[in-house]
file data-v1.txt (compact mmCIF, C-alpha atoms and all ligand atoms)
# COMPACT_ATOMS: atom_id res chain seq x y z
CA MET H 1 0.00 0.00 0.00
CA THR H 2 1.50 3.30 -1.03
CA PRO H 3 0.57 6.16 1.26
CA PRO H 4 -0.17 9.51 -0.34
CA ALA H 5 2.57 12.13 -0.39
CA ASP H 6 3.15 13.84 2.95
CA ARG H 7 1.34 16.97 1.80
CA ASP H 8 -1.84 14.94 1.24
CA VAL H 9 -2.28 13.47 4.66
CA ARG H 10 -2.19 14.85 8.16
CA LEU H 11 -1.23 12.37 10.87
CA GLU H 12 -2.48 12.93 14.38
CA TRP H 13 -2.29 10.92 17.58
CA ILE H 14 -5.87 10.49 18.84
CA ARG H 15 -7.65 9.36 21.98
CA CYS H 16 -10.14 6.51 21.76
CA ASN H 17 -13.34 7.76 20.09
CA ALA H 18 -15.50 5.40 22.14
CA CYS H 19 -14.23 5.86 25.72
CA GLY H 20 -11.93 8.88 25.51
CA ALA H 21 -8.92 7.05 26.97
CA ASP H 22 -5.38 7.63 25.74
CA ALA H 23 -4.60 3.93 26.09
CA PHE H 24 -3.71 2.79 22.59
CA ARG H 25 -1.91 -0.56 22.43
CA ALA H 26 -0.17 -1.23 19.10
CA MET H 27 -0.70 -4.72 17.67
CA ALA H 28 0.38 -4.57 14.03
CA GLN H 29 2.41 -2.51 11.61
CA ILE H 30 0.57 -2.41 8.28
CA GLY H 31 2.78 -0.59 5.80
CA PRO H 32 3.26 2.89 7.29
CA TRP H 33 0.17 2.52 9.53
CA GLN H 34 0.15 1.41 13.16
CA ALA H 35 -2.93 -0.61 14.13
CA GLY H 36 -4.04 -1.60 17.60
CA THR H 37 -6.72 -1.43 20.28
CA CYS H 38 -7.82 0.75 23.14
CA ALA H 39 -6.61 -1.06 26.26
CA ARG H 40 -9.62 0.24 28.17
CA CYS H 41 -12.60 -0.51 25.91
CA GLY H 42 -11.27 -2.66 23.05
CA LEU H 43 -12.04 -0.30 20.14
CA VAL H 44 -9.72 -1.18 17.24
CA TYR H 45 -8.20 1.71 15.29
CA VAL H 46 -5.20 3.25 13.55
CA ASN H 47 -2.93 5.56 15.53
CA PRO H 48 -1.58 8.05 14.58
CA MET H 49 -4.72 8.63 12.51
CA PRO H 50 -4.47 9.82 8.89
CA TRP H 51 -6.77 12.68 7.80
CA PHE H 52 -7.17 12.79 4.03
CA GLN H 53 -8.17 15.90 2.13
CA PRO H 54 -11.37 15.43 0.09
CA ASP H 55 -9.52 16.15 -3.17
CA ASP H 56 -7.10 13.33 -2.42
CA PHE H 57 -9.74 10.92 -1.26
CA ALA H 58 -10.97 9.57 -4.62
CA PRO H 59 -7.55 8.47 -5.94
CA HIS H 60 -6.80 7.09 -2.48
CA THR H 61 -9.96 4.99 -2.27
CA GLU H 62 -9.65 3.71 -5.82
CA GLN H 63 -6.92 1.42 -4.51
CA PHE H 64 -9.59 -0.35 -2.47
CA TYR H 65 -11.42 -3.19 -4.21
CA TYR H 66 -14.87 -2.31 -2.89
CA THR H 67 -14.58 1.31 -3.94
CA GLN H 68 -13.39 0.24 -7.38
CA TRP H 69 -16.57 -1.79 -7.62
CA GLN H 70 -18.60 1.21 -6.45
CA HIS H 71 -17.49 3.20 -9.47
CA HIS H 72 -19.54 1.00 -11.84
CA LEU H 73 -23.17 2.09 -12.04
CA THR H 74 -25.48 -0.54 -13.53
CA ASP H 75 -29.25 -1.09 -13.72
CA GLN H 76 -28.85 -4.31 -11.76
CA LYS H 77 -27.23 -2.45 -8.86
CA LEU H 78 -30.07 0.07 -8.95
CA ARG H 79 -32.67 -2.73 -8.72
CA LEU H 80 -30.77 -4.24 -5.78
CA ALA H 81 -30.64 -0.84 -4.09
CA HIS H 82 -34.43 -0.53 -4.44
CA ARG H 83 -34.99 -3.94 -2.85
CA GLN H 84 -32.65 -3.08 0.02
CA MET H 85 -34.22 0.33 0.55
CA ARG H 86 -37.73 -1.15 0.77
CA ARG H 87 -36.54 -3.54 3.48
CA GLN H 88 -34.68 -0.80 5.34
CA LEU H 89 -37.71 1.49 5.22
CA ALA H 90 -39.86 -1.34 6.57
CA ALA H 91 -37.40 -1.76 9.45
CA PHE H 92 -37.42 2.00 10.01
CA GLU H 93 -41.23 2.10 10.22
CA LEU H 94 -41.27 -0.84 12.60
CA LEU H 95 -38.76 0.80 14.96
CA ALA H 96 -40.09 4.35 14.62
CA GLY H 97 -43.67 3.19 15.14
CA ALA H 98 -44.96 4.95 12.01
CA ARG H 99 -43.92 6.36 8.67
CA PRO H 100 -43.40 10.15 8.80
CA GLU H 101 -45.83 12.20 6.73
CA LEU H 102 -43.14 13.55 4.42
CA GLY H 103 -40.09 11.55 5.40
CA ARG H 104 -36.67 13.13 4.97
CA LEU H 105 -33.69 10.85 4.50
CA LEU H 106 -29.98 11.69 4.57
CA ASP H 107 -27.52 9.18 3.11
CA ILE H 108 -23.93 9.84 4.24
CA GLY H 109 -21.24 8.35 2.01
CA CYS H 110 -23.85 8.00 -0.72
CA GLY H 111 -21.47 7.24 -3.62
CA PHE H 112 -23.43 7.87 -6.79
CA GLY H 113 -26.69 7.85 -4.93
CA LEU H 114 -28.30 4.47 -5.55
CA ALA H 115 -29.96 4.49 -2.14
CA VAL H 116 -31.01 8.12 -2.57
CA ARG H 117 -32.73 7.31 -5.88
CA ALA H 118 -34.40 4.30 -4.29
CA ALA H 119 -35.67 6.37 -1.34
CA VAL H 120 -37.06 9.06 -3.66
CA ASP H 121 -38.88 6.37 -5.64
CA GLU H 122 -40.41 5.18 -2.35
CA GLY H 123 -41.83 8.65 -1.72
CA TRP H 124 -39.12 10.05 0.54
CA GLN H 125 -37.38 13.40 0.24
CA ALA H 126 -33.75 12.25 0.12
CA THR H 127 -30.32 13.86 0.04
CA GLY H 128 -26.91 12.23 -0.31
CA LEU H 129 -23.49 13.46 0.80
CA ASP H 130 -20.15 12.11 -0.42
CA ILE H 131 -16.68 13.60 -0.47
CA ASP H 132 -15.93 11.89 -3.80
CA ALA H 133 -17.00 14.61 -6.23
CA ARG H 134 -16.69 12.35 -9.27
CA LEU H 135 -19.21 9.87 -7.88
CA VAL H 136 -21.55 12.73 -6.99
CA ASP H 137 -21.32 14.17 -10.53
CA LEU H 138 -22.02 10.78 -12.05
CA GLY H 139 -24.99 10.15 -9.77
CA ARG H 140 -26.51 13.58 -10.40
CA ALA H 141 -26.24 13.08 -14.17
CA ARG H 142 -27.49 9.49 -14.30
CA LEU H 143 -29.97 9.33 -11.42
CA ALA H 144 -31.20 12.96 -11.16
CA VAL H 145 -31.06 13.07 -7.36
CA ASP H 146 -29.95 15.61 -4.74
CA LEU H 147 -26.31 14.73 -4.08
CA ARG H 148 -23.75 17.09 -2.55
CA PRO H 149 -19.95 16.73 -2.73
CA VAL H 150 -19.28 17.68 0.88
CA ASP H 151 -18.26 16.20 4.22
CA LEU H 152 -21.14 16.05 6.73
CA LEU H 153 -19.15 18.18 9.20
CA ALA H 154 -18.79 20.95 6.57
CA ALA H 155 -22.31 20.68 5.15
CA CYS H 156 -23.99 23.05 7.66
CA LEU H 157 -27.29 21.16 7.52
CA PRO H 158 -30.18 22.53 9.58
CA GLY H 159 -30.70 20.93 12.99
CA GLN H 160 -33.49 18.43 13.69
CA SER H 161 -34.34 18.11 10.02
CA TYR H 162 -34.03 14.39 9.11
CA ASP H 163 -36.17 11.40 10.04
CA PHE H 164 -33.78 8.76 8.75
CA VAL H 165 -29.99 9.06 8.48
CA ARG H 166 -28.12 6.22 6.76
CA LEU H 167 -24.47 5.43 7.38
CA VAL H 168 -24.00 2.12 5.58
CA PHE H 169 -20.43 0.79 5.40
CA VAL H 170 -19.09 4.28 6.13
CA LEU H 171 -18.27 4.49 9.86
CA GLU H 172 -15.29 2.13 9.52
CA HIS H 173 -13.69 4.54 7.01
CA LEU H 174 -13.86 7.60 9.27
CA PRO H 175 -10.97 9.02 11.31
CA ASN H 176 -13.44 10.77 13.66
CA PRO H 177 -16.57 8.64 13.98
CA ARG H 178 -17.73 10.25 17.21
CA ALA H 179 -17.69 13.75 15.69
CA VAL H 180 -19.78 12.47 12.77
CA LEU H 181 -22.26 10.72 15.07
CA GLU H 182 -22.54 13.87 17.19
CA GLU H 183 -23.42 15.82 14.04
CA ILE H 184 -25.97 13.17 13.10
CA ARG H 185 -27.49 13.55 16.54
CA ARG H 186 -27.84 17.28 15.83
CA VAL H 187 -29.52 16.87 12.43
CA LEU H 188 -31.88 14.04 13.47
CA LYS H 189 -35.45 14.95 14.33
CA PRO H 190 -36.37 14.08 17.95
CA ASN H 191 -38.05 10.85 16.80
CA GLY H 192 -35.59 10.17 13.99
CA LEU H 193 -33.37 7.12 13.60
CA VAL H 194 -29.88 6.53 12.28
CA LEU H 195 -28.95 3.23 10.63
CA VAL H 196 -25.29 2.22 10.97
CA VAL H 197 -23.96 -0.86 9.15
CA VAL H 198 -20.31 -1.88 9.64
CA PRO H 199 -18.13 -5.00 9.48
CA ASN H 200 -18.38 -6.85 12.81
CA GLU H 201 -14.98 -7.10 14.48
CA ALA H 202 -16.46 -9.71 16.84
CA GLY H 203 -17.87 -11.85 14.01
CA LEU H 204 -17.01 -15.55 14.07
CA PHE H 205 -15.24 -15.59 10.72
CA ASN H 206 -13.19 -12.53 11.60
CA CYS H 207 -12.15 -14.03 14.94
CA VAL H 208 -11.10 -17.31 13.28
CA ARG H 209 -9.15 -15.49 10.58
CA LYS H 210 -7.56 -13.16 13.13
CA THR H 211 -6.46 -16.09 15.28
CA LEU H 212 -5.34 -18.58 12.65
CA LEU H 213 -4.88 -17.10 9.23
CA GLU H 214 -4.13 -13.42 9.38
CA ASP H 215 -1.18 -11.71 7.73
CA ARG H 216 -0.77 -8.77 10.08
CA THR H 217 1.29 -6.84 7.59
CA GLN H 218 -1.95 -6.50 5.56
CA ARG H 219 -4.78 -6.11 8.07
CA LEU H 220 -5.80 -6.40 11.71
CA GLY H 221 -9.21 -8.08 11.76
CA THR H 222 -11.59 -5.85 9.82
CA LEU H 223 -9.15 -2.94 10.10
CA ILE H 224 -7.56 -2.39 6.68
CA PRO H 225 -5.65 0.91 6.77
CA PRO H 226 -5.73 3.40 5.24
CA HIS H 227 -9.26 2.41 4.09
CA HIS H 228 -10.82 0.98 7.25
CA LEU H 229 -9.54 3.19 10.08
CA HIS H 230 -11.81 1.93 12.88
CA ALA H 231 -13.21 -1.56 13.57
CA TYR H 232 -16.28 -2.11 15.76
CA SER H 233 -17.76 -4.89 17.86
CA PRO H 234 -21.32 -4.61 19.23
CA ALA H 235 -19.84 -3.48 22.57
CA THR H 236 -17.56 -0.75 21.18
CA LEU H 237 -20.25 0.53 18.79
CA ARG H 238 -22.72 0.81 21.69
CA ARG H 239 -20.13 2.73 23.67
CA LEU H 240 -19.47 5.04 20.72
CA PHE H 241 -23.20 5.74 20.27
CA CYS H 242 -23.46 6.54 23.95
CA ALA H 243 -20.46 8.90 23.78
CA ALA H 244 -22.10 10.75 20.87
CA GLY H 245 -25.44 11.18 22.64
CA LEU H 246 -27.24 8.45 20.72
CA ALA H 247 -29.17 5.55 22.21
CA PRO H 248 -29.17 2.20 20.40
CA ARG H 249 -32.72 1.23 19.44
CA ALA H 250 -31.90 -2.19 17.97
CA MET H 251 -28.73 -4.08 17.15
CA LYS H 252 -28.08 -7.40 15.45
CA THR H 253 -25.51 -9.18 13.33
CA VAL H 254 -26.22 -10.57 9.87
CA ALA H 255 -24.40 -12.49 7.17
CA PRO H 256 -22.67 -10.44 4.46
CA HIS H 257 -25.18 -11.63 1.84
CA HIS H 258 -28.23 -10.55 3.92
CA PRO H 259 -30.84 -9.17 1.49
CA ALA H 260 -31.35 -5.87 3.33
CA TYR H 261 -27.85 -5.02 4.50
CA ALA H 262 -25.38 -6.78 2.20
CA THR H 263 -22.65 -4.88 0.49
CA LEU H 264 -24.01 -5.06 -3.02
CA ASN H 265 -20.84 -6.75 -4.28
CA GLN H 266 -21.73 -9.74 -2.09
CA ILE H 267 -24.90 -10.14 -4.13
CA GLU H 268 -23.60 -9.06 -7.51
CA PRO H 269 -19.92 -10.11 -7.61
CA ASP H 270 -18.65 -7.72 -10.24
CA PRO H 271 -15.85 -7.06 -10.96
CA ALA H 272 -14.11 -7.93 -7.67
CA PRO H 273 -14.31 -11.45 -6.17
CA ALA H 274 -17.39 -11.91 -3.98
CA ALA H 275 -15.46 -13.33 -1.08
CA PRO H 276 -11.75 -14.08 -1.21
CA SER H 277 -12.09 -17.08 1.10
CA ALA H 278 -14.85 -18.53 -1.08
CA THR H 279 -12.66 -18.03 -4.10
CA ALA H 280 -9.74 -19.74 -2.39
CA ALA H 281 -11.94 -22.66 -1.36
CA GLY H 282 -13.26 -22.81 -4.91
CA ARG H 283 -9.73 -23.08 -6.24
CA VAL H 284 -9.05 -26.08 -4.00
CA LEU H 285 -12.20 -27.87 -5.17
CA ALA H 286 -11.87 -26.83 -8.80
CA LYS H 287 -9.60 -29.65 -9.92
CA PRO H 288 -11.80 -32.62 -8.93
CA LEU H 289 -15.20 -30.97 -9.49
CA GLY H 290 -14.78 -28.43 -12.26
CA ALA H 291 -14.21 -24.73 -11.73
CA GLY H 292 -17.78 -23.40 -12.10
CA PHE H 293 -19.47 -26.02 -9.93
CA ALA H 294 -16.73 -25.90 -7.31
CA GLN H 295 -16.92 -22.14 -7.05
CA ARG H 296 -20.72 -22.15 -6.70
CA ALA H 297 -20.59 -24.98 -4.14
CA ALA H 298 -17.91 -23.21 -2.11
CA ILE H 299 -19.86 -19.95 -2.09
CA ALA H 300 -23.10 -21.74 -1.11
CA ALA H 301 -21.33 -23.59 1.70
CA LEU H 302 -19.69 -20.41 2.95
CA ARG H 303 -23.01 -18.54 2.89
CA GLY H 304 -24.59 -21.33 4.92
CA LEU H 305 -21.86 -21.08 7.53
CA ARG H 306 -22.09 -17.30 7.61
CA SER H 307 -25.88 -17.45 8.08
CA ALA H 308 -25.41 -19.92 10.94
CA ALA H 309 -22.87 -17.60 12.57
CA ALA H 310 -25.30 -14.67 12.25
CA ALA H 311 -28.10 -16.72 13.81
CA ALA H 312 -25.80 -17.24 16.79
CA GLY H 313 -25.16 -13.48 17.07
CA LEU H 314 -21.69 -13.74 15.52
CA GLY H 315 -22.41 -12.56 11.97
CA SER H 316 -19.86 -10.72 9.87
CA VAL H 317 -21.95 -7.57 9.54
CA LEU H 318 -23.17 -5.44 12.43
CA VAL H 319 -26.50 -3.62 11.93
CA ALA H 320 -27.45 -0.96 14.46
CA TRP H 321 -30.32 1.52 14.69
CA ALA H 322 -30.05 4.39 17.12
CA ARG H 323 -32.04 7.44 18.13
CA VAL H 324 -31.27 10.66 19.91
CA ALA H 325 -30.73 9.90 23.58
CA SER H 326 -33.02 11.94 25.81
CA MET H 327 -30.25 11.75 28.39
CA PRO H 328 -26.79 10.61 27.27
CA GLY H 329 -26.33 6.99 28.26
CA ALA H 330 -29.99 6.46 29.13
CA GLY H 331 -30.75 4.29 26.12
CA GLN H 332 -31.95 0.73 26.10
CA ALA H 333 -31.25 -1.56 23.19
CA LYS H 334 -31.73 -5.08 21.99
CA THR H 335 -29.00 -7.20 20.54
CA ASN H 336 -30.16 -10.27 18.64
CA GLY H 337 -33.30 -10.32 20.74
CA ALA H 338 -31.64 -10.00 24.16
CA PRO H 339 -32.09 -6.68 26.00
CA PHE H 340 -29.11 -4.90 27.49
CA SER H 341 -28.49 -1.71 29.38
CA LEU H 342 -26.00 0.87 28.26
CA GLY H 343 -25.04 2.23 31.64
CA GLN H 344 -23.86 5.78 32.25
CA PRO H 345 -20.96 7.42 30.41
CA SER H 346 -17.99 8.60 32.43
CA PRO H 347 -17.06 12.31 32.45
CA GLU H 348 -13.99 11.61 30.32
CA LEU H 349 -16.24 10.98 27.32
CA ALA H 350 -16.03 14.66 26.37
CA PRO H 351 -14.42 15.02 22.91
CA SER H 352 -10.67 15.39 22.89
CA PRO H 353 -9.19 18.63 21.50
CA SER H 354 -8.29 16.84 18.27
CA GLN H 355 -11.90 15.78 17.76
CA ARG H 356 -13.13 19.30 18.41
CA ALA H 357 -10.65 20.55 15.83
CA ALA H 358 -11.94 17.99 13.33
ZN ZN F 401 -11.57 3.06 24.43

call {"tool": "encode", "arguments": {"input": "data-v1.txt", "output": "structure tokens"}}
result
Amino acid sequence: MTPPADRDVRLEWIRCNACGADAFRAMAQIGPWQAGTCARCGLVYVNPMPWFQPDDFAPHTEQFYYTQWQHHLTDQKLRLAHRQMRRQLAAFELLAGARPELGRLLDIGCGFGLAVRAAVDEGWQATGLDIDARLVDLGRARLAVDLRPVDLLAACLPGQSYDFVRLVFVLEHLPNPRAVLEEIRRVLKPNGLVLVVVPNEAGLFNCVRKTLLEDRTQRLGTLIPPHHLHAYSPATLRRLFCAAGLAPRAMKTVAPHHPAYATLNQIEPDPAPAAPSATAAGRVLAKPLGAGFAQRAAIAALRGLRSAAAAAGLGSVLVAWARVASMPGAGQAKTNGAPFSLGQPSPELAPSPSQRAA
């Protein structure tokens, strides 16, 4: 991995976004990036943290296979986005208790706006933000939706103005997730909900890979710097919500091919491999069984195992809905059907100076 030139990236030592402690414990050196965990709460992150300029972000992310895939806009992806949006809106209505009269949706990290188009077609007033101006231009031209090439923290959106904020496979890319969640808390209506979907650091497959198979010069669990800068388990994500003044409303883990929350490249494997481990297993089986059959069988078997892991609460993808906390830390949530209490935040949860500056 080639880091951008020094002028492109600011490096800054940060405190833990979830608990505020300055207790980083390094565990791996991944190219120029140091990866590790907070010794107090277990949040996994990169430290010092790189801060990319928006103009440098697109060429930087194009090195990442998923973002490469994101740059191809097809009708099939749009149909998939519609199916996912209908399911997500159904979940929203279930958790919110009702559909708002004229629902307003904000999609952060919208890419070229597939979800925004889908929400508009479902009768919502939807806006997308993305710092990749090329994706925004493409989406505006092809999908005719309201997309803005701006960081949420610079967007100056009016307070209490959105019913539904989406942050789907975005939070793991952020250097300052708590600052972004605090801003989401500000723009959410009092009864609004935010949907956060991230890779699950505590997922069964990730834990097995981390223990047995991992090349720690390439990644640390789901942390893949400089693309994934934070990695979350259910516990650390709950703590982060709490620190940002949000209360989890519901939390569960799912398999990566889940129809409502999958990364679309898990459903439509184009052009990147759907799952490297499935591909590797397919290669092993290809000689005796034939390449096509072996690949399909390996993927089917892997999906079965991933679904079983999710049913046990150890899925590879973490899905969380949260609302504005009436009192910070007062929220109740459910995780895979079992209730839990968040407890009270400690005074040290105030943002560090670096986060305020961000
Ligand atoms: Zn911590």

call {"tool": "residues_near_ligand", "arguments": {"input": "data-v1.txt", "ligand": "ligand ZN 401 (chain F)", "cutoff": "9 Å", "atoms": "all atoms listed in the file", "output": "PyMOL selection string"}}
result
chain H and resi 15-24+37-44+236+239-240

call {"tool": "residues_around", "arguments": {"input": "data-v1.txt", "residues": "H:Arg238", "least_positions_apart": "3", "cutoff": "8 Å", "atoms": "all atoms listed in the file", "output": "PDB file with C-alpha atoms, in the coordinates of the input"}}
result
ATOM      1  CA  PRO H 234     -21.320  -4.610  19.230  1.00  0.00           C
ATOM      2  CA  ALA H 235     -19.840  -3.480  22.570  1.00  0.00           C
ATOM      3  CA  PHE H 241     -23.200   5.740  20.270  1.00  0.00           C
ATOM      4  CA  CYS H 242     -23.460   6.540  23.950  1.00  0.00           C
ATOM      5  CA  PRO H 248     -29.170   2.200  20.400  1.00  0.00           C
ATOM      6  CA  LEU H 342     -26.000   0.870  28.260  1.00  0.00           C
TER       7      LEU H 342
END

call {"tool": "residues_around", "arguments": {"input": "data-v1.txt", "residues": "H:Leu152", "least_positions_apart": "3", "cutoff": "12 Å", "atoms": "all atoms listed in the file", "output": "number ranges by chain"}}
result
H: 54, 106-110, 127-131, 148-149, 155-158, 165, 167, 170, 174, 176-177, 179-187, 358

call {"tool": "atom_distance", "arguments": {"input": "data-v1.txt", "atom1": "atom CA of H:Leu171", "atom2": "atom CA of H:Glu93"}}
result
23.1 Å

call {"tool": "closest_residue", "arguments": {"input": "data-v1.txt", "among": "H:Gly113, H:Ala81, H:Gln88, H:Gln218", "to": "H:Pro32", "atoms": "all atoms listed in the file"}}
result
H:Gln218

call {"tool": "atom_distance", "arguments": {"input": "data-v1.txt", "atom1": "atom CA of H:Leu138", "atom2": "atom CA of H:Leu73"}}
result
8.8 Å

call {"tool": "closest_residue", "arguments": {"input": "data-v1.txt", "among": "H:Phe169, H:Tyr261, H:Phe112, H:Trp13", "to": "H:Thr222", "atoms": "only C-alpha atoms"}}
result
H:Phe169

call {"tool": "residues_near_point", "arguments": {"input": "data-v1.txt", "point": "(-22.9, -20.3, 8.2)", "cutoff": "12 Å", "atoms": "all atoms listed in the file", "output": "PyMOL selection string"}}
result
chain H and resi 203-205+254-258+298-316

call {"tool": "atom_distance", "arguments": {"input": "data-v1.txt", "atom1": "atom CA of H:Arg117", "atom2": "atom CA of H:Arg142"}}
result
10.2 Å

call {"tool": "closest_residue", "arguments": {"input": "data-v1.txt", "among": "H:Ala244, H:Leu188, H:Val136, H:Ala35", "to": "H:Gln160", "atoms": "all atoms listed in the file"}}
result
H:Leu188

call {"tool": "axis_aligned_box", "arguments": {"input": "data-v1.txt", "around": "stretch 38-44 of chain H", "padding_each_side": "4 Å", "output": "JSON"}}
result
{"center_x": -9.6, "center_y": -1.0, "center_z": 22.7, "size_x": 14.0, "size_y": 11.4, "size_z": 18.9}

call {"tool": "residues_around", "arguments": {"input": "data-v1.txt", "residues": "H:Glu201", "least_positions_apart": "6", "cutoff": "6 Å", "atoms": "all atoms listed in the file", "output": "PDB file with C-alpha atoms, keeping the file's coordinate frame"}}
result
ATOM      1  CA  THR H 222     -11.590  -5.850   9.820  1.00  0.00           C
ATOM      2  CA  ALA H 231     -13.210  -1.560  13.570  1.00  0.00           C
ATOM      3  CA  TYR H 232     -16.280  -2.110  15.760  1.00  0.00           C
ATOM      4  CA  SER H 233     -17.760  -4.890  17.860  1.00  0.00           C
TER       5      SER H 233
END

call {"tool": "closest_residue", "arguments": {"input": "data-v1.txt", "among": "H:Leu114, H:Ala154, H:Lys210, H:Pro226", "to": "H:Leu11", "atoms": "all atoms listed in the file"}}
result
H:Pro226
